[in-house]
Amino acid sequence: MSEVTFDWKSGIEEACLKLKGKERIGIQVPEGLKTKSHEIVTLVAKLTGAKVVLWGEPTYGACDLADRPLEEIGADALIHMGHLPMPYHSEFYAIPTFFVPVKHT
């Protein structure tokens, strides 16, 4: 049986270009990517120079963002992985939120 892999790096790199200058970035990942969390956090920190906070609670889609609790602990941006943004909701985000699609390969 072959290992399940996901393509997420290009999306992270693109999001990080927009996150230059941020001091603390929150990352929210779906359950299937939690085994890659250390690699994701390390890459974001390297590409942005920011402190990175991993939100460990389960996420149930783009309607279940951790933007408000991450803002409360000082995050000034959120990378939400694995889901697409919900149209017309960006005005309600507590902090700038970047959605990174994840593809099964």
# chains A, B, ... in the order shown; residues from 1 in each chain; ligands from 1
call {"tool": "select_by_dssp", "arguments": {"residues": "stretch 1-58 of chain A", "states": "helix (DSSP H, G or I)", "output": "number ranges by chain"}}
result
A: 9-18, 31-48
call {"tool": "closest_atom_pairs", "arguments": {"of": "stretch 44-85 of chain A", "to": "stretch 15-20 of chain A", "cutoff": "9 Å", "atoms": "only C-alpha atoms", "output": "Markdown table"}}
result
| residue | atom | partner | partner_atom | distance |
| --- | --- | --- | --- | --- |
| A:Val44 | CA | A:Cys16 | CA | 6.6 |
| A:Leu47 | CA | A:Cys16 | CA | 6.3 |
| A:Thr48 | CA | A:Lys20 | CA | 5.4 |
| A:Gly49 | CA | A:Lys20 | CA | 7.8 |
| A:Ala50 | CA | A:Lys20 | CA | 8.2 |
| A:Ala77 | CA | A:Leu19 | CA | 7.6 |
| A:Ile79 | CA | A:Ala15 | CA | 7.6 |
call {"tool": "atom_distance", "arguments": {"atom1": "atom CA of A:Ser10", "atom2": "atom CA of A:Asp64"}}
result
23.3 Å
call {"tool": "closest_residue", "arguments": {"among": "A:Tyr88, A:Tyr60, A:Leu43, A:Ile95", "to": "A:Ile73", "atoms": "only C-alpha atoms"}}
result
A:Ile95
call {"tool": "closest_residue", "arguments": {"among": "A:Leu70, A:Cys63, A:His104, A:Ile12", "to": "A:Leu84", "atoms": "only C-alpha atoms"}}
result
A:Cys63
call {"tool": "closest_residue", "arguments": {"among": "A:Lys51, A:Leu33, A:Phe6, A:Ala94", "to": "A:Glu72", "atoms": "only C-alpha atoms"}}
result
A:Ala94
call {"tool": "closest_residue", "arguments": {"among": "A:Ala75, A:Met86, A:Leu54, A:Val102", "to": "A:Gly11", "atoms": "only C-alpha atoms"}}
result
A:Val102
call {"tool": "decode", "arguments": {"residues": "stretch 38-71 of chain A", "atoms": "C-alpha atoms", "output": "PDB file, in the first residue's frame"}}
result
ATOM      1  CA  HIS A  38       6.441  20.600  12.719  1.00  0.00           C
ATOM      2  CA  GLU A  39       7.568  20.801   9.100  1.00  0.00           C
ATOM      3  CA  ILE A  40       4.894  23.409   8.299  1.00  0.00           C
ATOM      4  CA  VAL A  41       5.690  25.579  11.330  1.00  0.00           C
ATOM      5  CA  THR A  42       9.433  25.411  10.632  1.00  0.00           C
ATOM      6  CA  LEU A  43       8.963  26.414   6.987  1.00  0.00           C
ATOM      7  CA  VAL A  44       6.675  29.358   7.818  1.00  0.00           C
ATOM      8  CA  ALA A  45       9.097  30.619  10.478  1.00  0.00           C
ATOM      9  CA  LYS A  46      12.015  30.333   8.055  1.00  0.00           C
ATOM     10  CA  LEU A  47      10.218  32.105   5.189  1.00  0.00           C
ATOM     11  CA  THR A  48       8.723  34.937   7.252  1.00  0.00           C
ATOM     12  CA  GLY A  49      11.035  35.410  10.230  1.00  0.00           C
ATOM     13  CA  ALA A  50       7.921  35.475  12.430  1.00  0.00           C
ATOM     14  CA  LYS A  51       7.082  33.547  15.565  1.00  0.00           C
ATOM     15  CA  VAL A  52       4.613  30.829  14.632  1.00  0.00           C
ATOM     16  CA  VAL A  53       1.759  29.503  16.769  1.00  0.00           C
ATOM     17  CA  LEU A  54       0.165  26.171  15.857  1.00  0.00           C
ATOM     18  CA  TRP A  55      -3.538  25.976  16.714  1.00  0.00           C
ATOM     19  CA  GLY A  56      -3.992  22.389  17.884  1.00  0.00           C
ATOM     20  CA  GLU A  57      -7.766  22.179  18.159  1.00  0.00           C
ATOM     21  CA  PRO A  58      -9.663  20.301  15.429  1.00  0.00           C
ATOM     22  CA  THR A  59     -10.954  22.351  12.513  1.00  0.00           C
ATOM     23  CA  TYR A  60     -14.134  21.552  10.653  1.00  0.00           C
ATOM     24  CA  GLY A  61     -13.683  23.741   7.590  1.00  0.00           C
ATOM     25  CA  ALA A  62     -13.493  27.375   6.566  1.00  0.00           C
ATOM     26  CA  CYS A  63     -16.429  28.211   8.830  1.00  0.00           C
ATOM     27  CA  ASP A  64     -14.393  27.099  11.857  1.00  0.00           C
ATOM     28  CA  LEU A  65     -11.526  29.583  11.888  1.00  0.00           C
ATOM     29  CA  ALA A  66      -9.259  30.181  14.868  1.00  0.00           C
ATOM     30  CA  ASP A  67      -8.789  33.852  13.963  1.00  0.00           C
ATOM     31  CA  ARG A  68     -10.349  35.276  17.138  1.00  0.00           C
ATOM     32  CA  PRO A  69      -8.585  33.077  19.716  1.00  0.00           C
ATOM     33  CA  LEU A  70      -5.290  33.512  17.869  1.00  0.00           C
ATOM     34  CA  GLU A  71      -5.776  37.276  17.846  1.00  0.00           C
TER      35      GLU A  71
END
